[in-house]
Amino acid sequence: MSKLEQLRPSGLHHNPAYSHVVVASGARTIYIAGQVATDEEGRVVGEGDLAAQTTQVMQNIGLALKAAGASYSNIVKITTFVVGYKPELRPIIGKARSAFFEGMEPPASTLVGVTALAAPEWLIEIEAVAVVD
C-alpha cells in the first residue's frame, strides 16, 4: 500500500491549503498532464469563470486518476498555472480546489502566474503527480 507523509518542517509556516513536503512511497508514480477546463468533447467549460474552470480542471484530474487506479488522496504534488494571476484570485482557486481534498492533508503545491495558456479561453491549468502501489 502506498504511503504519503506530509511533513511540517520547523521554521516553515503551516498553511492548511497545501503541504510544504510530501514523502511518498509506493510502486507506481502517475504523472498527469496539465488539465484544462474542457469537457469530453473538447468544449470549454466555464468560459470567463475561474471558479467554474478550476472545478472542471479538478474533475478532469479525477478522471485521469481513476483511469490509473488512483484517487485525489494519492496526489503528492500539483502545479497550477493561472492566466493573469493576481493575489485576489487565490481564494477563488483555493475554494474550488479544496473541495477535492476535503478531509485529507493537501498535496505539495506550486502556483504560477502566466501570460497565456495554449488556448485563449483557458484561465487555469493544473498538472498532478500521484503515487500508488
# chains A, B, ... in the order shown; residues from 1 in each chain; ligands from 1

$ residues_around --residues "Ile61 of chain A" --least-positions-apart "3" --cutoff "8 Å" --atoms "only C-alpha atoms" --output "PyMOL selection string"
chain A and resi 32+35+57-58+64-65+127-128

$ write_last_selection --atoms "all heavy atoms" --output "PDB file, in the first residue's frame"
ATOM      1  N   ILE A  32       0.185  13.269 -14.404  1.00  0.00           N
ATOM      2  CA  ILE A  32      -0.992  13.730 -15.133  1.00  0.00           C
ATOM      3  C   ILE A  32      -0.656  15.055 -15.802  1.00  0.00           C
ATOM      4  O   ILE A  32      -0.300  16.031 -15.133  1.00  0.00           O
ATOM      5  CB  ILE A  32      -2.202  13.876 -14.193  1.00  0.00           C
ATOM      6  CG1 ILE A  32      -2.524  12.503 -13.581  1.00  0.00           C
ATOM      7  CG2 ILE A  32      -3.403  14.458 -14.940  1.00  0.00           C
ATOM      8  CD1 ILE A  32      -3.592  12.540 -12.528  1.00  0.00           C
ATOM      9  N   GLN A  35      -4.199  19.718 -16.989  1.00  0.00           N
ATOM     10  CA  GLN A  35      -5.606  19.611 -17.363  1.00  0.00           C
ATOM     11  C   GLN A  35      -6.205  21.001 -17.437  1.00  0.00           C
ATOM     12  O   GLN A  35      -5.880  21.869 -16.631  1.00  0.00           O
ATOM     13  CB  GLN A  35      -6.367  18.754 -16.351  1.00  0.00           C
ATOM     14  CG  GLN A  35      -5.879  17.319 -16.282  1.00  0.00           C
ATOM     15  CD  GLN A  35      -6.089  16.598 -17.600  1.00  0.00           C
ATOM     16  OE1 GLN A  35      -7.199  16.485 -18.101  1.00  0.00           O
ATOM     17  NE2 GLN A  35      -4.994  16.118 -18.176  1.00  0.00           N
ATOM     18  N   VAL A  57     -11.346  21.537 -14.134  1.00  0.00           N
ATOM     19  CA  VAL A  57      -9.981  21.024 -14.186  1.00  0.00           C
ATOM     20  C   VAL A  57      -9.794  19.926 -13.139  1.00  0.00           C
ATOM     21  O   VAL A  57      -9.242  18.853 -13.430  1.00  0.00           O
ATOM     22  CB  VAL A  57      -8.963  22.169 -13.976  1.00  0.00           C
ATOM     23  CG1 VAL A  57      -7.575  21.630 -13.692  1.00  0.00           C
ATOM     24  CG2 VAL A  57      -8.937  23.088 -15.182  1.00  0.00           C
ATOM     25  N   MET A  58     -10.265  20.168 -11.921  1.00  0.00           N
ATOM     26  CA  MET A  58     -10.116  19.163 -10.860  1.00  0.00           C
ATOM     27  C   MET A  58     -10.929  17.903 -11.177  1.00  0.00           C
ATOM     28  O   MET A  58     -10.488  16.793 -10.875  1.00  0.00           O
ATOM     29  CB  MET A  58     -10.509  19.754  -9.509  1.00  0.00           C
ATOM     30  CG  MET A  58      -9.550  20.821  -8.998  1.00  0.00           C
ATOM     31  SD  MET A  58      -7.824  20.257  -8.826  1.00  0.00           S
ATOM     32  CE  MET A  58      -8.014  19.000  -7.554  1.00  0.00           C
ATOM     33  N   ALA A  64      -8.619  11.290 -14.789  1.00  0.00           N
ATOM     34  CA  ALA A  64      -7.288  10.751 -15.098  1.00  0.00           C
ATOM     35  C   ALA A  64      -6.798   9.841 -13.970  1.00  0.00           C
ATOM     36  O   ALA A  64      -6.257   8.756 -14.229  1.00  0.00           O
ATOM     37  CB  ALA A  64      -6.302  11.892 -15.339  1.00  0.00           C
ATOM     38  N   LEU A  65      -6.996  10.281 -12.729  1.00  0.00           N
ATOM     39  CA  LEU A  65      -6.599   9.457 -11.580  1.00  0.00           C
ATOM     40  C   LEU A  65      -7.333   8.120 -11.588  1.00  0.00           C
ATOM     41  O   LEU A  65      -6.717   7.064 -11.403  1.00  0.00           O
ATOM     42  CB  LEU A  65      -6.895  10.195 -10.271  1.00  0.00           C
ATOM     43  CG  LEU A  65      -6.005  11.382  -9.938  1.00  0.00           C
ATOM     44  CD1 LEU A  65      -6.641  12.232  -8.850  1.00  0.00           C
ATOM     45  CD2 LEU A  65      -4.617  10.907  -9.527  1.00  0.00           C
ATOM     46  N   GLU A 127      -1.474  20.473 -13.348  1.00  0.00           N
ATOM     47  CA  GLU A 127      -0.880  19.154 -13.543  1.00  0.00           C
ATOM     48  C   GLU A 127      -0.679  18.508 -12.191  1.00  0.00           C
ATOM     49  O   GLU A 127      -0.590  19.207 -11.170  1.00  0.00           O
ATOM     50  CB  GLU A 127       0.434  19.247 -14.326  1.00  0.00           C
ATOM     51  CG  GLU A 127       1.521  20.033 -13.614  1.00  0.00           C
ATOM     52  CD  GLU A 127       2.793  20.185 -14.446  1.00  0.00           C
ATOM     53  OE1 GLU A 127       2.732  20.111 -15.688  1.00  0.00           O
ATOM     54  OE2 GLU A 127       3.849  20.374 -13.838  1.00  0.00           O
ATOM     55  N   ALA A 128      -0.626  17.177 -12.167  1.00  0.00           N
ATOM     56  CA  ALA A 128      -0.534  16.469 -10.889  1.00  0.00           C
ATOM     57  C   ALA A 128       0.395  15.280 -10.993  1.00  0.00           C
ATOM     58  O   ALA A 128       0.571  14.687 -12.076  1.00  0.00           O
ATOM     59  CB  ALA A 128      -1.928  16.002 -10.451  1.00  0.00           C
TER      60      ALA A 128
END

$ residues_around --residues "segment 67-81 of chain A" --least-positions-apart "3" --cutoff "8 Å" --atoms "only C-alpha atoms" --output "list in words"
Leu4, Val22, Val23, Ala24, Ile30, Gly62, Leu63, Ala64, Phe100, Phe101, Met104, Pro107, Ala108, Ser109, Thr110, Leu111, Val112, Gly113, Val114, Ile124, Glu125, Ile126, Glu127, Ala128, Val129, Ala130, Val131 and Val132 of chain A

$ residues_around --residues "Ala96 of chain A" --least-positions-apart "6" --cutoff "12 Å" --atoms "only C-alpha atoms" --output "list in words"
Ala17, Asp49, Leu50, Ala51, Ala52, Gln53, Thr54, Thr55, Gln56, Val57, Met58, Gln59, Leu89, Arg90, Glu102 and Ile124 of chain A

$ select_by_dssp --residues "chain A" --states "helix (DSSP H, G or I)" --output "count of residues only"
36

$ residues_around --residues "Arg43 of chain A" --least-positions-apart "2" --cutoff "12 Å" --atoms "only C-alpha atoms" --output "VMD selection string"
chain A and resid 36 to 41 45 to 47 53 56 119 121 to 122

$ closest_residue --among "A:His20, A:Arg28, A:Lys66, A:Lys86" --to "Ser2 of chain A" --atoms "only C-alpha atoms"
A:Arg28

$ atom_distance --atom1 "atom CA of Gly94 of chain A" --atom2 "atom CA of Val82 of chain A"
12.2 Å

$ select_by_dssp --residues "chain A" --states "strand (DSSP E or B)" --output "ChimeraX atom specification"
/A:3-7,19,21-25,28-35,38,44,75-83,108-114,124-132

$ write_last_selection --atoms "N, CA and C atoms" --output "CSV table (one decimal), in the first residue's frame"
chain,number,residue,atom,x,y,z
A,3,LYS,N,2.2,5.0,0.7
A,3,LYS,CA,2.1,5.7,2.0
A,3,LYS,C,2.6,7.2,1.6
A,4,LEU,N,1.8,8.1,2.1
A,4,LEU,CA,2.1,9.5,2.0
A,4,LEU,C,2.3,10.1,3.3
A,5,GLU,N,3.4,10.8,3.5
A,5,GLU,CA,3.7,11.5,4.8
A,5,GLU,C,3.8,13.0,4.5
A,6,GLN,N,2.9,13.8,5.0
A,6,GLN,CA,3.0,15.2,4.9
A,6,GLN,C,3.8,15.8,6.1
A,7,LEU,N,4.9,16.4,5.9
A,7,LEU,CA,5.8,16.9,6.9
A,7,LEU,C,5.5,18.3,7.2
A,19,SER,N,0.8,21.3,1.5
A,19,SER,CA,1.8,20.8,2.3
A,19,SER,C,3.2,21.2,1.7
A,21,VAL,N,6.1,19.7,2.3
A,21,VAL,CA,6.8,18.5,2.0
A,21,VAL,C,5.9,17.3,2.0
A,22,VAL,N,6.0,16.5,1.0
A,22,VAL,CA,5.3,15.2,1.0
A,22,VAL,C,6.3,14.1,0.6
A,23,VAL,N,6.4,13.1,1.5
A,23,VAL,CA,7.2,12.0,1.3
A,23,VAL,C,6.3,10.8,0.8
A,24,ALA,N,6.6,10.3,-0.4
A,24,ALA,CA,5.7,9.3,-0.9
A,24,ALA,C,6.5,8.0,-1.1
A,25,SER,N,5.9,6.9,-0.7
A,25,SER,CA,6.4,5.6,-1.1
A,25,SER,C,5.3,4.7,-1.7
A,28,ARG,N,4.1,2.7,-8.0
A,28,ARG,CA,3.8,3.4,-9.2
A,28,ARG,C,3.7,4.9,-9.0
A,29,THR,N,4.3,5.6,-9.9
A,29,THR,CA,4.2,7.1,-10.0
A,29,THR,C,3.3,7.4,-11.2
A,30,ILE,N,2.3,8.3,-11.0
A,30,ILE,CA,1.4,8.7,-12.1
A,30,ILE,C,1.6,10.1,-12.4
A,31,TYR,N,1.9,10.5,-13.6
A,31,TYR,CA,2.1,11.9,-14.0
A,31,TYR,C,0.9,12.3,-14.9
A,32,ILE,N,0.2,13.3,-14.4
A,32,ILE,CA,-1.0,13.7,-15.1
A,32,ILE,C,-0.7,15.1,-15.8
A,33,ALA,N,-0.8,15.1,-17.1
A,33,ALA,CA,-0.5,16.3,-17.9
A,33,ALA,C,-1.4,17.4,-17.4
A,34,GLY,N,-1.0,18.6,-17.7
A,34,GLY,CA,-1.8,19.8,-17.3
A,34,GLY,C,-3.2,19.6,-17.9
A,35,GLN,N,-4.2,19.7,-17.0
A,35,GLN,CA,-5.6,19.6,-17.4
A,35,GLN,C,-6.2,21.0,-17.4
A,38,THR,N,-12.0,21.7,-20.1
A,38,THR,CA,-12.8,21.2,-21.3
A,38,THR,C,-13.5,20.0,-20.9
A,44,VAL,N,-15.0,24.2,-24.1
A,44,VAL,CA,-14.6,24.9,-22.9
A,44,VAL,C,-15.8,24.9,-21.9
A,75,ILE,N,-2.5,12.0,-4.7
A,75,ILE,CA,-1.7,13.1,-5.3
A,75,ILE,C,-0.7,13.6,-4.3
A,76,VAL,N,0.6,13.7,-4.8
A,76,VAL,CA,1.6,14.2,-3.9
A,76,VAL,C,2.0,15.6,-4.3
A,77,LYS,N,1.8,16.0,-5.5
A,77,LYS,CA,2.2,17.4,-6.0
A,77,LYS,C,1.3,17.8,-7.1
A,78,ILE,N,0.9,19.1,-7.0
A,78,ILE,CA,0.2,19.7,-8.1
A,78,ILE,C,0.9,21.0,-8.4
A,79,THR,N,0.8,21.4,-9.7
A,79,THR,CA,1.3,22.7,-10.2
A,79,THR,C,0.2,23.4,-10.9
A,80,THR,N,-0.1,24.6,-10.5
A,80,THR,CA,-1.3,25.3,-11.0
A,80,THR,C,-0.7,26.5,-11.8
A,81,PHE,N,-1.2,26.7,-13.0
A,81,PHE,CA,-0.8,27.8,-13.9
A,81,PHE,C,-2.1,28.7,-14.1
A,82,VAL,N,-2.0,30.0,-13.8
A,82,VAL,CA,-3.2,30.8,-13.8
A,82,VAL,C,-2.8,32.0,-14.7
A,83,VAL,N,-3.7,32.3,-15.7
A,83,VAL,CA,-3.5,33.4,-16.6
A,83,VAL,C,-3.8,34.7,-15.9
A,108,ALA,N,1.6,18.8,-1.9
A,108,ALA,CA,2.6,19.9,-2.1
A,108,ALA,C,2.0,20.6,-3.3
A,109,SER,N,2.2,21.9,-3.4
A,109,SER,CA,1.6,22.7,-4.4
A,109,SER,C,2.4,23.9,-4.8
A,110,THR,N,2.4,24.2,-6.1
A,110,THR,CA,3.0,25.4,-6.6
A,110,THR,C,2.0,26.1,-7.5
A,111,LEU,N,1.9,27.4,-7.4
A,111,LEU,CA,1.0,28.3,-8.2
A,111,LEU,C,1.9,29.2,-9.0
A,112,VAL,N,1.7,29.2,-10.3
A,112,VAL,CA,2.5,30.1,-11.2
A,112,VAL,C,1.6,31.0,-12.0
A,113,GLY,N,1.8,32.3,-12.0
A,113,GLY,CA,1.1,33.2,-12.9
A,113,GLY,C,1.7,33.2,-14.3
A,114,VAL,N,0.9,33.1,-15.3
A,114,VAL,CA,1.4,33.1,-16.7
A,114,VAL,C,0.6,34.1,-17.5
A,124,ILE,N,-7.0,28.6,-16.4
A,124,ILE,CA,-6.2,27.8,-15.4
A,124,ILE,C,-5.9,26.4,-16.0
A,125,GLU,N,-4.7,25.9,-15.6
A,125,GLU,CA,-4.3,24.6,-16.0
A,125,GLU,C,-3.6,24.0,-14.8
A,126,ILE,N,-3.9,22.7,-14.5
A,126,ILE,CA,-3.3,22.1,-13.3
A,126,ILE,C,-2.7,20.7,-13.7
A,127,GLU,N,-1.5,20.5,-13.3
A,127,GLU,CA,-0.9,19.2,-13.5
A,127,GLU,C,-0.7,18.5,-12.2
A,128,ALA,N,-0.6,17.2,-12.2
A,128,ALA,CA,-0.5,16.5,-10.9
A,128,ALA,C,0.4,15.3,-11.0
A,129,VAL,N,1.0,14.9,-9.8
A,129,VAL,CA,1.8,13.7,-9.7
A,129,VAL,C,1.2,12.9,-8.5
A,130,ALA,N,0.9,11.6,-8.8
A,130,ALA,CA,0.3,10.8,-7.7
A,130,ALA,C,1.2,9.5,-7.6
A,131,VAL,N,1.1,8.9,-6.4
A,131,VAL,CA,1.9,7.7,-6.1
A,131,VAL,C,1.0,6.7,-5.5
A,132,VAL,N,1.0,5.5,-6.1
A,132,VAL,CA,0.2,4.4,-5.7
A,132,VAL,C,1.0,3.1,-5.7

$ atom_distance --atom1 "atom CA of Pro16 of chain A" --atom2 "atom CA of Glu88 of chain A"
17.7 Å

$ decode --residues "segment 89-100 of chain A" --atoms "N, CA, C and O atoms" --output "PDB file, in the first residue's frame"
ATOM      1  N   LEU A  89      -7.038  36.373  -6.715  1.00  0.00           N
ATOM      2  CA  LEU A  89      -7.579  35.175  -7.366  1.00  0.00           C
ATOM      3  C   LEU A  89      -7.345  33.909  -6.539  1.00  0.00           C
ATOM      4  O   LEU A  89      -8.054  32.917  -6.711  1.00  0.00           O
ATOM      5  N   ARG A  90      -6.375  33.948  -5.648  1.00  0.00           N
ATOM      6  CA  ARG A  90      -6.015  32.749  -4.882  1.00  0.00           C
ATOM      7  C   ARG A  90      -7.175  32.175  -4.083  1.00  0.00           C
ATOM      8  O   ARG A  90      -7.388  30.963  -4.099  1.00  0.00           O
ATOM      9  N   PRO A  91      -7.997  32.988  -3.386  1.00  0.00           N
ATOM     10  CA  PRO A  91      -9.132  32.400  -2.658  1.00  0.00           C
ATOM     11  C   PRO A  91     -10.156  31.719  -3.575  1.00  0.00           C
ATOM     12  O   PRO A  91     -10.775  30.729  -3.191  1.00  0.00           O
ATOM     13  N   ILE A  92     -10.332  32.229  -4.777  1.00  0.00           N
ATOM     14  CA  ILE A  92     -11.265  31.620  -5.734  1.00  0.00           C
ATOM     15  C   ILE A  92     -10.768  30.230  -6.119  1.00  0.00           C
ATOM     16  O   ILE A  92     -11.521  29.248  -6.098  1.00  0.00           O
ATOM     17  N   ILE A  93      -9.499  30.153  -6.451  1.00  0.00           N
ATOM     18  CA  ILE A  93      -8.892  28.880  -6.829  1.00  0.00           C
ATOM     19  C   ILE A  93      -8.904  27.927  -5.641  1.00  0.00           C
ATOM     20  O   ILE A  93      -9.278  26.757  -5.753  1.00  0.00           O
ATOM     21  N   GLY A  94      -8.491  28.436  -4.481  1.00  0.00           N
ATOM     22  CA  GLY A  94      -8.418  27.610  -3.280  1.00  0.00           C
ATOM     23  C   GLY A  94      -9.756  27.005  -2.884  1.00  0.00           C
ATOM     24  O   GLY A  94      -9.834  25.835  -2.529  1.00  0.00           O
ATOM     25  N   LYS A  95     -10.804  27.803  -2.956  1.00  0.00           N
ATOM     26  CA  LYS A  95     -12.133  27.303  -2.578  1.00  0.00           C
ATOM     27  C   LYS A  95     -12.577  26.185  -3.518  1.00  0.00           C
ATOM     28  O   LYS A  95     -13.074  25.149  -3.074  1.00  0.00           O
ATOM     29  N   ALA A  96     -12.413  26.394  -4.811  1.00  0.00           N
ATOM     30  CA  ALA A  96     -12.817  25.376  -5.779  1.00  0.00           C
ATOM     31  C   ALA A  96     -11.968  24.115  -5.647  1.00  0.00           C
ATOM     32  O   ALA A  96     -12.480  23.000  -5.706  1.00  0.00           O
ATOM     33  N   ARG A  97     -10.685  24.276  -5.445  1.00  0.00           N
ATOM     34  CA  ARG A  97      -9.766  23.138  -5.379  1.00  0.00           C
ATOM     35  C   ARG A  97      -9.885  22.371  -4.071  1.00  0.00           C
ATOM     36  O   ARG A  97      -9.794  21.146  -4.049  1.00  0.00           O
ATOM     37  N   SER A  98     -10.085  23.077  -2.970  1.00  0.00           N
ATOM     38  CA  SER A  98     -10.074  22.423  -1.649  1.00  0.00           C
ATOM     39  C   SER A  98     -11.189  21.404  -1.484  1.00  0.00           C
ATOM     40  O   SER A  98     -11.048  20.443  -0.728  1.00  0.00           O
ATOM     41  N   ALA A  99     -12.294  21.570  -2.197  1.00  0.00           N
ATOM     42  CA  ALA A  99     -13.397  20.605  -2.106  1.00  0.00           C
ATOM     43  C   ALA A  99     -12.948  19.202  -2.506  1.00  0.00           C
ATOM     44  O   ALA A  99     -13.481  18.207  -2.003  1.00  0.00           O
ATOM     45  N   PHE A 100     -11.951  19.096  -3.359  1.00  0.00           N
ATOM     46  CA  PHE A 100     -11.473  17.802  -3.829  1.00  0.00           C
ATOM     47  C   PHE A 100     -10.481  17.150  -2.864  1.00  0.00           C
ATOM     48  O   PHE A 100     -10.159  15.972  -3.017  1.00  0.00           O
TER      49      PHE A 100
END
